[in-house]
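Below is start21.cif, holding mmCIF, C-alpha atoms.
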data_entry
loop_
_atom_site.label_atom_id
_atom_site.label_comp_id
_atom_site.auth_asym_id
_atom_site.auth_seq_id
_atom_site.Cartn_x
_atom_site.Cartn_y
_atom_site.Cartn_z
CA MET Y 1 133.54 59.68 86.93
CA MET Y 2 132.48 62.14 89.60
CA VAL Y 3 134.77 63.71 92.17
CA GLY Y 4 132.61 63.88 95.28
CA TRP Y 5 130.55 60.90 94.14
CA GLY Y 6 129.16 60.39 97.63
CA GLY Y 7 127.88 63.95 97.95
CA ASN Y 8 124.30 65.08 97.50
CA ASN Y 9 124.64 65.60 93.75
CA GLY Y 10 126.58 62.42 93.03
CA SER Y 11 124.37 60.10 95.06
CA THR Y 12 121.16 61.74 93.80
CA LEU Y 13 122.26 61.51 90.18
CA THR Y 14 123.34 57.87 90.49
CA ALA Y 15 120.06 56.84 92.12
CA SER Y 16 118.02 58.80 89.57
CA ILE Y 17 119.76 57.31 86.53
CA LEU Y 18 119.26 53.84 88.00
CA ALA Y 19 115.56 54.59 88.52
CA ASN Y 20 115.20 55.81 84.95
CA LYS Y 21 117.13 52.88 83.51
CA GLN Y 22 114.98 50.35 85.37
CA GLY Y 23 111.68 52.23 84.92
CA ILE Y 24 111.13 52.45 88.67
CA SER Y 25 108.02 54.05 90.15
CA TRP Y 26 107.48 54.89 93.81
CA GLU Y 27 104.65 56.00 96.06
CA THR Y 28 104.14 59.63 97.09
CA ARG Y 29 101.37 61.44 98.97
CA LYS Y 30 99.82 62.24 95.59
CA GLY Y 31 100.09 58.71 94.21
CA PRO Y 32 102.64 56.86 92.04
CA GLN Y 33 105.55 58.82 90.59
CA SER Y 34 107.69 57.57 87.70
CA ALA Y 35 111.32 58.39 87.08
CA ASN Y 36 112.00 61.14 84.53
CA TYR Y 37 114.70 63.46 83.30
CA TYR Y 38 112.88 66.75 83.93
CA GLY Y 39 115.28 69.64 84.39
CA SER Y 40 117.70 68.34 81.75
CA LEU Y 41 118.02 70.60 78.73
CA MET Y 42 119.10 67.67 76.57
CA MET Y 43 116.55 65.13 77.81
CA ALA Y 44 113.45 67.23 78.48
CA SER Y 45 113.45 70.20 76.07
CA THR Y 46 112.95 70.65 72.35
CA VAL Y 47 114.56 72.63 69.54
CA LYS Y 48 112.87 74.27 66.58
CA LEU Y 49 114.06 72.37 63.52
CA GLY Y 50 112.23 74.47 60.92
CA VAL Y 51 108.75 74.76 59.43
CA ASP Y 52 106.57 72.30 57.54
CA ALA Y 53 104.69 72.78 54.28
CA GLN Y 54 101.97 74.69 56.13
CA LEU Y 55 104.58 77.01 57.68
CA LYS Y 56 104.00 75.56 61.12
CA ASP Y 57 106.96 75.17 63.43
CA VAL Y 58 108.50 71.70 63.76
CA TYR Y 59 110.21 70.80 67.05
CA VAL Y 60 112.42 67.84 67.92
CA PRO Y 61 113.99 66.76 71.22
CA PHE Y 62 117.30 68.51 71.84
CA ASN Y 63 119.10 65.17 72.07
CA GLU Y 64 117.91 64.11 68.61
CA VAL Y 65 119.41 66.96 66.57
CA VAL Y 66 122.63 64.93 66.45
CA PRO Y 67 123.43 61.48 67.87
CA MET Y 68 124.16 61.84 71.59
CA ALA Y 69 125.02 59.46 74.39
CA HIS Y 70 122.02 58.54 76.56
CA PRO Y 71 122.34 58.80 80.36
CA ASN Y 72 120.87 55.31 80.72
CA ASP Y 73 123.97 53.98 78.95
CA VAL Y 74 126.46 55.68 81.27
CA VAL Y 75 128.70 53.77 83.67
CA ILE Y 76 129.10 55.85 86.83
CA GLY Y 77 132.03 55.79 89.21
CA GLY Y 78 134.24 58.23 91.02
CA TRP Y 79 136.05 59.34 94.14
CA ASP Y 80 135.06 60.68 97.53
CA ILE Y 81 136.85 61.59 100.74
CA SER Y 82 134.07 59.73 102.58
CA SER Y 83 134.04 55.92 102.47
CA LEU Y 84 130.25 55.59 102.66
CA SER Y 85 128.69 53.47 99.94
CA ILE Y 86 126.57 55.38 97.43
CA GLY Y 87 123.47 53.80 98.99
CA ASP Y 88 124.36 55.13 102.44
CA ALA Y 89 125.42 58.46 100.95
CA MET Y 90 121.99 58.73 99.33
CA ARG Y 91 120.36 58.16 102.71
CA ARG Y 92 122.65 60.70 104.34
CA ALA Y 93 121.78 63.30 101.69
CA GLN Y 94 118.02 63.08 102.45
CA VAL Y 95 117.13 64.34 98.97
CA LEU Y 96 115.06 61.57 97.35
CA PRO Y 97 111.73 60.23 98.64
CA VAL Y 98 112.07 57.40 101.13
CA ASP Y 99 110.15 54.88 99.02
CA LEU Y 100 112.47 55.50 96.05
CA GLN Y 101 115.49 55.14 98.33
CA ARG Y 102 114.21 51.74 99.48
CA ARG Y 103 113.85 50.54 95.89
CA VAL Y 104 117.38 51.44 94.80
CA TYR Y 105 119.35 51.10 98.04
CA ASP Y 106 120.51 47.49 97.70
CA GLU Y 107 122.08 48.10 94.31
CA LEU Y 108 123.63 51.42 95.31
CA ALA Y 109 125.05 49.91 98.51
CA GLN Y 110 127.35 47.81 96.30
CA LEU Y 111 128.93 50.96 94.83
CA LYS Y 112 131.92 52.30 96.76
CA PRO Y 113 133.84 55.49 95.91
CA LEU Y 114 137.54 55.36 95.25
CA PRO Y 115 139.81 57.15 97.75
CA SER Y 116 140.17 60.84 96.99
CA VAL Y 117 142.54 63.76 97.58
CA TYR Y 118 142.10 65.88 100.70
CA TYR Y 119 144.00 69.07 101.49
CA PRO Y 120 142.48 70.64 104.63
CA ASP Y 121 143.69 74.08 103.58
CA PHE Y 122 141.37 74.13 100.55
CA ILE Y 123 137.98 73.19 102.01
CA ALA Y 124 136.26 74.11 105.26
CA ALA Y 125 137.60 72.61 108.48
CA ASN Y 126 134.12 71.26 109.20
CA GLN Y 127 134.61 68.63 106.47
CA GLU Y 128 137.38 66.81 108.36
CA ASP Y 129 134.99 64.31 110.00
CA ARG Y 130 134.04 62.97 106.55
CA ALA Y 131 137.62 62.48 105.39
CA ASP Y 132 138.25 58.76 105.98
CA ASN Y 133 138.90 57.62 102.39
CA LEU Y 134 142.09 59.29 101.26
CA ILE Y 135 144.98 58.86 98.84
CA GLY Y 136 148.29 59.27 100.63
CA GLY Y 137 151.72 60.22 99.38
CA THR Y 138 153.10 63.28 97.64
CA LYS Y 139 151.15 65.36 95.13
CA GLN Y 140 153.04 63.68 92.30
CA GLU Y 141 152.16 60.25 93.70
CA GLN Y 142 148.53 61.32 94.07
CA LEU Y 143 148.49 62.53 90.45
CA ASP Y 144 149.86 59.19 89.28
CA HIS Y 145 147.26 57.40 91.42
CA LEU Y 146 144.39 59.39 89.87
CA ARG Y 147 145.66 58.72 86.36
CA LYS Y 148 145.76 55.00 87.16
CA ASP Y 149 142.19 55.18 88.52
CA ILE Y 150 140.94 56.69 85.26
CA ARG Y 151 142.76 54.12 83.11
CA GLU Y 152 141.53 51.18 85.18
CA PHE Y 153 137.93 52.44 85.26
CA LYS Y 154 137.94 52.78 81.49
CA GLN Y 155 139.47 49.37 80.94
CA ALA Y 156 137.38 47.50 83.53
CA ASN Y 157 134.12 48.78 82.04
CA GLY Y 158 135.11 48.58 78.38
CA LEU Y 159 134.42 52.27 77.83
CA ASP Y 160 135.00 54.40 74.76
CA ARG Y 161 135.37 57.59 76.78
CA VAL Y 162 135.73 58.72 80.39
CA ILE Y 163 134.53 62.17 81.44
CA VAL Y 164 135.51 63.52 84.85
CA MET Y 165 133.16 65.89 86.67
CA TRP Y 166 134.05 67.83 89.83
CA THR Y 167 130.92 67.83 91.98
CA ALA Y 168 132.75 67.89 95.30
CA ASN Y 169 133.03 70.68 97.87
CA THR Y 170 133.79 74.27 96.98
CA GLU Y 171 137.44 75.04 97.54
CA ARG Y 172 139.05 78.35 98.36
CA TYR Y 173 140.61 80.20 95.44
CA ALA Y 174 144.17 79.23 94.61
CA ASP Y 175 146.72 82.00 94.23
CA ILE Y 176 147.81 82.50 90.63
CA ALA Y 177 151.58 82.93 90.72
CA ALA Y 178 154.23 83.21 88.04
CA GLY Y 179 156.38 80.09 88.01
CA VAL Y 180 153.75 78.06 89.90
CA ASN Y 181 150.55 77.56 87.91
CA ASP Y 182 150.80 80.06 85.04
CA THR Y 183 151.97 77.57 82.40
CA ALA Y 184 151.62 73.84 81.83
CA ASP Y 185 155.28 73.14 82.53
CA ASN Y 186 155.32 75.25 85.68
CA LEU Y 187 152.17 73.58 86.96
CA LEU Y 188 153.54 70.09 86.37
CA GLN Y 189 156.77 71.07 88.12
CA SER Y 190 154.76 72.53 91.03
CA ILE Y 191 152.95 69.22 91.39
CA ALA Y 192 156.28 67.39 91.38
CA ASN Y 193 157.53 69.80 94.06
CA GLY Y 194 154.35 69.48 96.16
CA HIS Y 195 153.60 73.20 95.97
CA ALA Y 196 150.94 74.33 98.46
CA GLU Y 197 148.90 76.26 95.87
CA VAL Y 198 148.04 73.20 93.76
CA SER Y 199 144.48 72.39 94.81
CA PRO Y 200 142.82 68.96 94.79
CA SER Y 201 140.51 70.01 91.94
CA THR Y 202 143.45 71.19 89.85
CA LEU Y 203 145.18 67.87 90.49
CA PHE Y 204 142.10 66.03 89.19
CA ALA Y 205 141.98 68.32 86.15
CA VAL Y 206 145.63 67.61 85.32
CA ALA Y 207 145.16 63.86 85.76
CA SER Y 208 142.14 63.93 83.45
CA ILE Y 209 143.91 65.95 80.77
CA LEU Y 210 146.95 63.68 80.78
CA GLU Y 211 144.66 60.66 80.38
CA GLY Y 212 142.70 62.28 77.53
CA ALA Y 213 139.56 62.51 79.67
CA PRO Y 214 137.56 65.76 79.48
CA PHE Y 215 137.24 67.52 82.84
CA VAL Y 216 134.37 69.79 83.93
CA ASN Y 217 134.47 71.84 87.12
CA GLY Y 218 131.02 72.08 88.73
CA SER Y 219 132.14 74.21 91.70
CA PRO Y 220 133.07 77.91 91.83
CA GLN Y 221 136.78 77.80 92.68
CA ASN Y 222 139.43 78.63 90.08
CA THR Y 223 140.36 75.04 89.28
CA LEU Y 224 141.17 75.90 85.67
CA VAL Y 225 144.24 78.00 86.39
CA PRO Y 226 146.23 79.22 83.35
CA GLY Y 227 148.53 76.21 83.58
CA VAL Y 228 145.57 73.83 83.31
CA ILE Y 229 144.24 75.55 80.20
CA ASP Y 230 147.74 75.61 78.69
CA LEU Y 231 148.08 71.88 79.35
CA ALA Y 232 144.64 71.11 77.88
CA GLU Y 233 145.52 73.03 74.72
CA ARG Y 234 148.85 71.23 74.43
CA GLU Y 235 147.29 67.79 74.94
CA ARG Y 236 144.24 68.58 72.77
CA SER Y 237 141.99 67.62 75.66
CA PHE Y 238 138.82 69.37 76.86
CA VAL Y 239 138.00 71.31 80.01
CA GLY Y 240 134.92 73.26 81.10
CA GLY Y 241 133.70 75.28 84.08
CA ASP Y 242 132.79 76.82 86.46
CA ASP Y 243 129.98 76.12 88.94
CA PHE Y 244 126.64 74.42 88.18
CA LYS Y 245 123.98 77.05 87.35
CA SER Y 246 120.83 75.62 88.84
CA GLY Y 247 118.44 78.04 90.56
CA GLN Y 248 118.97 81.59 91.75
CA THR Y 249 121.72 82.47 89.27
CA LYS Y 250 119.83 80.98 86.32
CA ILE Y 251 116.84 83.23 87.10
CA LYS Y 252 119.19 86.19 87.50
CA SER Y 253 120.72 85.60 84.07
CA VAL Y 254 117.21 85.75 82.57
CA LEU Y 255 115.76 88.65 84.56
CA ALA Y 256 118.79 90.95 84.31
CA GLU Y 257 118.89 90.45 80.54
CA PHE Y 258 115.15 91.21 80.30
CA LEU Y 259 115.44 94.43 82.33
CA VAL Y 260 118.47 95.82 80.51
CA ASN Y 261 117.10 94.89 77.07
CA ALA Y 262 113.81 96.60 77.99
CA GLY Y 263 115.67 99.85 78.68
CA ILE Y 264 115.20 99.50 82.45
CA LYS Y 265 118.27 100.18 84.59
CA PRO Y 266 118.93 97.80 87.49
CA LEU Y 267 120.52 99.82 90.28
CA ALA Y 268 120.80 97.14 92.95
CA ILE Y 269 120.56 93.36 92.91
CA THR Y 270 120.49 91.78 96.36
CA SER Y 271 120.59 88.00 96.57
CA TYR Y 272 120.19 86.03 99.78
CA ASN Y 273 119.91 82.28 100.23
CA HIS Y 274 120.10 79.77 103.02
CA LEU Y 275 120.43 76.01 102.83
CA GLY Y 276 121.16 73.12 105.12
CA ASN Y 277 122.98 70.51 103.06
CA ASN Y 278 126.72 69.81 103.16
CA ASP Y 279 127.33 72.38 100.44
CA GLY Y 280 125.90 75.03 102.75
CA TYR Y 281 127.94 73.65 105.65
CA ASN Y 282 131.16 73.95 103.65
CA LEU Y 283 130.20 77.44 102.39
CA SER Y 284 129.79 78.65 105.96
CA ALA Y 285 133.58 79.05 105.99
CA PRO Y 286 134.67 82.51 104.71
CA ALA Y 287 137.26 81.37 102.14
CA GLN Y 288 134.88 78.91 100.51
CA PHE Y 289 132.02 81.44 100.54
CA ARG Y 290 134.29 83.91 98.75
CA SER Y 291 134.70 81.45 95.85
CA LYS Y 292 130.92 81.18 95.54
CA GLU Y 293 130.46 84.94 95.84
CA ILE Y 294 132.84 85.53 92.95
CA SER Y 295 131.08 83.05 90.66
CA LYS Y 296 127.63 84.47 91.44
CA SER Y 297 128.70 88.12 91.12
CA SER Y 298 129.82 88.09 87.49
CA VAL Y 299 126.55 86.86 86.02
CA VAL Y 300 125.21 90.30 84.97
CA ASP Y 301 128.44 91.83 83.67
CA ASP Y 302 128.01 91.27 79.93
CA MET Y 303 124.38 92.45 79.99
CA VAL Y 304 125.30 95.68 81.74
CA GLY Y 305 128.24 96.20 79.40
CA ALA Y 306 125.99 95.83 76.36
CA ASN Y 307 123.95 98.98 77.09
CA ASN Y 308 125.94 102.22 77.19
CA LEU Y 309 122.70 104.20 77.16
CA LEU Y 310 121.94 103.01 80.69
CA TYR Y 311 125.43 102.54 82.13
CA LYS Y 312 128.51 104.71 81.85
CA LYS Y 313 131.92 103.10 81.45
CA ASN Y 314 132.81 101.01 84.54
CA GLU Y 315 129.35 101.60 86.06
CA HIS Y 316 127.62 98.57 87.53
CA PRO Y 317 124.60 97.88 89.70
CA ASP Y 318 125.19 97.28 93.40
CA HIS Y 319 125.34 93.51 93.66
CA THR Y 320 125.23 91.85 97.06
CA ILE Y 321 125.24 88.10 97.77
CA VAL Y 322 124.60 86.41 101.12
CA ILE Y 323 124.64 82.66 101.86
CA LYS Y 324 123.75 81.23 105.26
CA TYR Y 325 123.82 77.70 106.62
CA VAL Y 326 120.52 76.61 108.24
CA PRO Y 327 120.64 72.85 108.91
CA SER Y 328 116.89 72.34 109.33
CA VAL Y 329 116.05 73.22 105.69
CA GLY Y 330 118.34 70.49 104.33
CA ASP Y 331 118.60 70.39 100.54
CA SER Y 332 115.55 72.65 100.11
CA LYS Y 333 117.41 75.92 99.56
CA ARG Y 334 115.56 79.21 99.97
CA ALA Y 335 116.60 81.99 97.61
CA LEU Y 336 115.38 85.57 97.94
CA ASP Y 337 116.22 88.23 95.37
CA GLU Y 338 115.39 91.92 95.14
CA TYR Y 339 115.92 93.97 91.98
CA VAL Y 340 115.65 97.75 92.32
CA SER Y 341 115.66 99.50 88.93
CA GLU Y 342 115.39 103.03 87.63
CA ILE Y 343 112.51 103.51 85.21
CA PHE Y 344 110.93 106.37 83.27
CA MET Y 345 111.54 109.89 84.60
CA GLY Y 346 113.51 108.82 87.64
CA GLY Y 347 110.95 106.40 89.00
CA LEU Y 348 111.92 103.22 90.81
CA ASN Y 349 110.66 99.69 90.22
CA THR Y 350 111.24 96.87 92.72
CA ILE Y 351 110.89 93.18 91.90
CA SER Y 352 111.13 90.65 94.73
CA ILE Y 353 111.41 86.90 94.16
CA TYR Y 354 111.16 84.05 96.67
CA ASN Y 355 112.38 80.76 95.25
CA THR Y 356 112.46 77.37 96.98
CA CYS Y 357 115.13 75.35 95.18
CA GLU Y 358 115.52 71.62 95.66
CA ASP Y 359 119.24 72.09 95.26
CA SER Y 360 120.43 68.63 94.20
CA LEU Y 361 117.33 67.92 92.10
CA LEU Y 362 118.13 71.05 90.08
CA ALA Y 363 121.88 70.41 89.89
CA SER Y 364 121.80 66.71 88.98
CA PRO Y 365 120.20 67.20 85.54
CA LEU Y 366 122.91 69.78 84.78
CA ILE Y 367 125.51 67.06 85.28
CA ILE Y 368 123.66 64.99 82.68
CA ASP Y 369 123.63 67.91 80.23
CA LEU Y 370 127.29 68.68 80.81
CA PHE Y 371 128.22 65.04 80.28
CA MET Y 372 126.15 64.70 77.11
CA MET Y 373 127.42 67.89 75.50
CA THR Y 374 131.04 67.26 76.51
CA GLU Y 375 130.93 63.71 75.15
CA LEU Y 376 129.46 65.01 71.89
CA MET Y 377 132.26 67.56 71.50
CA THR Y 378 134.87 64.80 71.72
CA ARG Y 379 133.45 63.43 68.45
CA VAL Y 380 133.29 66.71 66.52
CA THR Y 381 135.97 68.01 64.16
CA TYR Y 382 135.78 70.79 61.60
CA ARG Y 383 137.70 72.34 58.75
CA SER Y 384 137.26 75.58 56.87
CA GLY Y 385 137.91 76.72 53.33
CA ASP Y 386 140.56 74.70 51.58
CA ASP Y 387 142.02 73.25 54.80
CA ALA Y 388 142.92 69.61 54.44
CA GLU Y 389 143.18 69.09 58.19
CA TRP Y 390 140.19 68.39 60.43
CA ARG Y 391 140.48 70.07 63.84
CA PRO Y 392 138.70 69.67 67.16
CA PHE Y 393 136.99 72.60 68.84
CA HIS Y 394 139.03 74.66 71.30
CA SER Y 395 140.01 72.86 74.48
CA VAL Y 396 137.93 75.24 76.64
CA LEU Y 397 134.33 74.22 76.02
CA SER Y 398 132.50 77.55 76.20
CA ILE Y 399 129.52 75.78 74.59
CA LEU Y 400 128.78 74.50 78.13
CA SER Y 401 128.08 78.04 79.39
CA TYR Y 402 124.31 77.54 79.69
CA MET Y 403 124.86 75.08 82.53
CA LEU Y 404 127.51 77.08 84.41
CA LYS Y 405 127.43 80.19 86.62
CA ALA Y 406 130.86 81.58 85.73
CA PRO Y 407 131.67 80.26 82.24
CA VAL Y 408 135.34 79.73 81.46
CA VAL Y 409 136.07 80.69 77.86
CA PRO Y 410 139.15 80.49 75.63
CA PRO Y 411 141.73 83.22 76.31
CA ASN Y 412 140.85 86.66 74.92
CA THR Y 413 137.27 85.75 74.04
CA PRO Y 414 134.10 87.34 75.47
CA VAL Y 415 132.15 85.81 78.34
CA VAL Y 416 128.40 85.51 77.70
CA ASN Y 417 126.14 85.10 80.74
CA ALA Y 418 122.74 85.90 79.23
CA LEU Y 419 120.84 82.61 79.34
CA ALA Y 420 118.94 83.05 76.07
CA LYS Y 421 122.15 83.79 74.17
CA GLN Y 422 123.86 80.78 75.72
CA ARG Y 423 121.05 78.46 74.67
CA MET Y 424 120.89 79.99 71.19
CA ALA Y 425 124.63 79.42 70.73
CA MET Y 426 124.37 75.77 71.75
CA GLU Y 427 121.32 75.22 69.55
CA ASN Y 428 122.81 76.87 66.46
CA ILE Y 429 126.16 75.11 66.80
CA MET Y 430 124.32 71.79 66.88
CA ARG Y 431 122.30 72.85 63.84
CA ALA Y 432 125.57 73.60 62.05
CA PHE Y 433 126.71 70.03 62.77
CA VAL Y 434 123.91 68.75 60.52
CA GLY Y 435 124.17 71.48 57.87
CA LEU Y 436 121.26 73.67 59.00
CA ALA Y 437 121.38 77.46 59.02
CA PRO Y 438 121.20 79.24 62.39
CA ASN Y 439 117.74 79.71 63.82
CA ASN Y 440 116.28 83.19 63.92
CA GLU Y 441 112.88 84.56 64.78
CA MET Y 442 112.41 87.07 61.93
CA LEU Y 443 109.41 85.06 60.64
CA LEU Y 444 109.43 87.07 57.42
CA GLU Y 445 107.03 84.57 55.89
CA HIS Y 446 104.38 85.82 58.31
CA LYS Y 447 105.17 89.53 57.97
CA ALA Y 448 105.07 90.06 54.19
CA PHE Y 449 102.35 89.93 51.54
CA HIS Y 450 102.22 86.64 49.63
#
The structure given in the file should be rewritten as structure tokens.
Amino acid sequence: MMVGWGGNNGSTLTASILANKQGISWETRKGPQSANYYGSLMMASTVKLGVDAQLKDVYVPFNEVVPMAHPNDVVIGGWDISSLSIGDAMRRAQVLPVDLQRRVYDELAQLKPLPSVYYPDFIAANQEDRADNLIGGTKQEQLDHLRKDIREFKQANGLDRVIVMWTANTERYADIAAGVNDTADNLLQSIANGHAEVSPSTLFAVASILEGAPFVNGSPQNTLVPGVIDLAERERSFVGGDDFKSGQTKIKSVLAEFLVNAGIKPLAITSYNHLGNNDGYNLSAPAQFRSKEISKSSVVDDMVGANNLLYKKNEHPDHTIVIKYVPSVGDSKRALDEYVSEIFMGGLNTISIYNTCEDSLLASPLIIDLFMMTELMTRVTYRSGDDAEWRPFHSVLSILSYMLKAPVVPPNTPVVNALAKQRMAMENIMRAFVGLAPNNEMLLEHKAFH
């Protein structure tokens, strides 16, 4: 179930899964195009399993290392503050080719989002015109309504598991205050009291946790306040976040790691992007932009902290982020990055990147990956040593970090932003599930005499 189902990501993902499920092809300027799952780590990449008798590498699809749910088997539903059908939302988004839209519209037009929660203080004022599909009442009544929605969706569709994904607008940051959202009990009491600092996304997270449904935050705001994490731990439910990592930040997490590991010292990283979709429209408001700025800014921290030969304590590169709303470019976001680094003997090296990102076509496969990995983790338990009890993994799913800009991790554990390390962790954990040793690239068999 997606919060913001009628947005660009939700409508694009729903149409794309339908096209894949039905094997739909459509006409383009270059000829027929078939549906695929390109851009999904789980559905379109491989993992090294080992070597064969001739010492050649053997690769398998990522989703075949362990049994995983297939996106074609997913039942999709959700909420939106706009009452448009998913078919009309797809047309409004202007992401998918027109011929594909024609082929899936009739079926998508039958899908209507459930009413959602709207607090004008948390998202940009320019979103008010969309808000015609709302849950009324107090915050406690809204929480009860959302819980009922999750239960009924699960029962009506005969589902084993419901996973809730926030893919709605970026909210402003909520204030973290003692006695308000710092513990599970305080947060629940704040909802009962209708406290102003309980955001819509936090309300959805609490509803999901109380219904045993994992919740993943795909936007940059601080949905997973301490009280949410405390509640998830208490209920043995799962949460993950924050903010889909699709284009500019994903490249940054690769390039910054490369530079620092090569002994090159980034001095300044300047990131600019402009886009014209509703995400950009919402981010044109200062409070919502600040949430995005925070999530994008932290991506190089662990790489810088790992090299005390280049950086003194508390030293960081200058890191500037700019986002502008330009309606005419639509979903085709332009991202420009400049990296200025100190090299040998005081020299300077400048790398400039221009990246055209089809925003929703990059983000939608991440939702698939997040769903597949989250669903898998609901089925995994472990025990160690002589323990008789089998335990689930920690409630905060840091294994999802590869897909997220600002990974939320269990309390007092390190945050890893380097993309290669994030993928390696996910790959090796899945190998452990089937009794395989962690992968490494020593290749001693090729470096020693035989």
With 10 Å as the cut-off and all atoms listed in the file counted, what is the closest atom pair between each nearby residue of stretch 146-173 of chain Y and stretch 240-264 of chain Y? Distances in Å to one decimal, ordered by chain and number, as JSON lines.
{"residue": "Y:Met165", "atom": "CA", "partner": "Y:Gly240", "partner_atom": "CA", "distance": 9.4}
{"residue": "Y:Trp166", "atom": "CA", "partner": "Y:Asp243", "partner_atom": "CA", "distance": 9.3}
{"residue": "Y:Thr167", "atom": "CA", "partner": "Y:Phe244", "partner_atom": "CA", "distance": 8.7}
{"residue": "Y:Thr170", "atom": "CA", "partner": "Y:Asp243", "partner_atom": "CA", "distance": 9.1}
Quiz prompt | Straight-line distance linking atom CA of Y:Gly4 with atom CA of Y:Leu366, stated in Å to one decimal | solution =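 Atom-to-atom, atom CA of Y:Gly4 to atom CA of Y:Leu366, that is 15.5 Å.
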Exercise. Compile the contact shell of Y:Pro266 as number ranges by chain: residues with an atom at most 7 Å away, counting only C-alpha atoms, same-chain residues fewer than 4 positions apart removed.
Key: Y: 317, 339-342
Quiz item: Rounded to one decimal in Å, what is the spacing between atom CA of Y:Asp88 and atom CA of Y:Tyr105?
Solution: 7.8 Å
Quiz item: Y:Ile86: which residues within 12 Å, counting all atoms listed in the file, same-chain residues fewer than 3 positions away excluded, as a PyMOL selection string?
Solution: chain Y and resi 2+4-15+76-80+82-83+89-93+101+104-114
Quiz prompt | Residues matched by the PyMOL selection byres ((chain Y and resi 193-203) around 9), written as a ChimeraX atom specification | solution = /Y:3,116-119,121-122,138-140,142-143,146,166,168,171-177,180-181,187-192,204-208,217,221-225,228
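Selection result for the displayed file, with the PyMOL selection byres ((chain Y and resi 421-425) around 10) as criterion, is Leu41, Val47, Val254, Glu257, Ser398, Ile399, Leu400, Ser401, Tyr402, Met403, Val416, Asn417, Ala418, Leu419, Ala420, Met426, Glu427, Asn428, Ile429, Met430, Arg431, Pro438, Asn439 and Asn440 of chain Y.
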Self-check item: Separation of atom CA of Y:Ser360 from atom CA of Y:Asp331 in Å
Solution: 6.8 Å
Self-check item: Polymer residues at most 12 Å from (107.7, 80.1, 54.6) by all atoms listed in the file, as a PyMOL selection string
Solution: chain Y and resi 50-57+442-450
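With all atoms listed in the file as the basis for measurement, Y:Asp369 is the residue among Y:Asp369, Y:Val300, Y:Gly347, Y:Phe393 that approaches Y:Ser45 most closely.
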Quiz prompt | Long-range neighbours of Y:Ile150 as a ChimeraX atom specification, 9 Å cut-off, only C-alpha atoms, 3 positions minimum in chain | solution = /Y:1,78,145-147,153-155,162,164,207-208,211,213
Selection to disk with C-alpha atoms, as a short mmCIF file (atom, residue, chain, number, x, y, z; two decimals), in the coordinates of the input:
data_model
loop_
_atom_site.label_atom_id
_atom_site.label_comp_id
_atom_site.auth_asym_id
_atom_site.auth_seq_id
_atom_site.Cartn_x
_atom_site.Cartn_y
_atom_site.Cartn_z
CA MET Y 1 133.54 59.68 86.93
CA GLY Y 78 134.24 58.23 91.02
CA HIS Y 145 147.26 57.40 91.42
CA LEU Y 146 144.39 59.39 89.87
CA ARG Y 147 145.66 58.72 86.36
CA PHE Y 153 137.93 52.44 85.26
CA LYS Y 154 137.94 52.78 81.49
CA GLN Y 155 139.47 49.37 80.94
CA VAL Y 162 135.73 58.72 80.39
CA VAL Y 164 135.51 63.52 84.85
CA ALA Y 207 145.16 63.86 85.76
CA SER Y 208 142.14 63.93 83.45
CA GLU Y 211 144.66 60.66 80.38
CA ALA Y 213 139.56 62.51 79.67
#
My structure is short of atoms at stretch 17-23 of chain Y; please model N, CA, C and O atoms there, returning them as a short mmCIF file (atom, residue, chain, number, x, y, z; two decimals), keeping the file's coordinate frame.
data_model
loop_
_atom_site.label_atom_id
_atom_site.label_comp_id
_atom_site.auth_asym_id
_atom_site.auth_seq_id
_atom_site.Cartn_x
_atom_site.Cartn_y
_atom_site.Cartn_z
N ILE Y 17 119.50 58.01 87.80
CA ILE Y 17 119.76 57.31 86.53
C ILE Y 17 119.38 55.84 86.65
O ILE Y 17 118.79 55.26 85.73
N LEU Y 18 119.67 55.22 87.79
CA LEU Y 18 119.26 53.84 88.00
C LEU Y 18 117.74 53.70 87.93
O LEU Y 18 117.21 52.77 87.30
N ALA Y 19 117.02 54.64 88.55
CA ALA Y 19 115.56 54.59 88.52
C ALA Y 19 115.02 54.76 87.11
O ALA Y 19 114.05 54.09 86.71
N ASN Y 20 115.63 55.64 86.33
CA ASN Y 20 115.20 55.81 84.95
C ASN Y 20 115.52 54.58 84.12
O ASN Y 20 114.70 54.13 83.32
N LYS Y 21 116.72 54.04 84.30
CA LYS Y 21 117.13 52.88 83.51
C LYS Y 21 116.22 51.68 83.76
O LYS Y 21 115.88 50.94 82.83
N GLN Y 22 115.81 51.51 85.01
CA GLN Y 22 114.98 50.35 85.37
C GLN Y 22 113.49 50.65 85.36
O GLN Y 22 112.68 49.79 85.69
N GLY Y 23 113.10 51.87 84.98
CA GLY Y 23 111.68 52.23 84.92
C GLY Y 23 110.99 52.15 86.27
O GLY Y 23 109.83 51.70 86.36
#
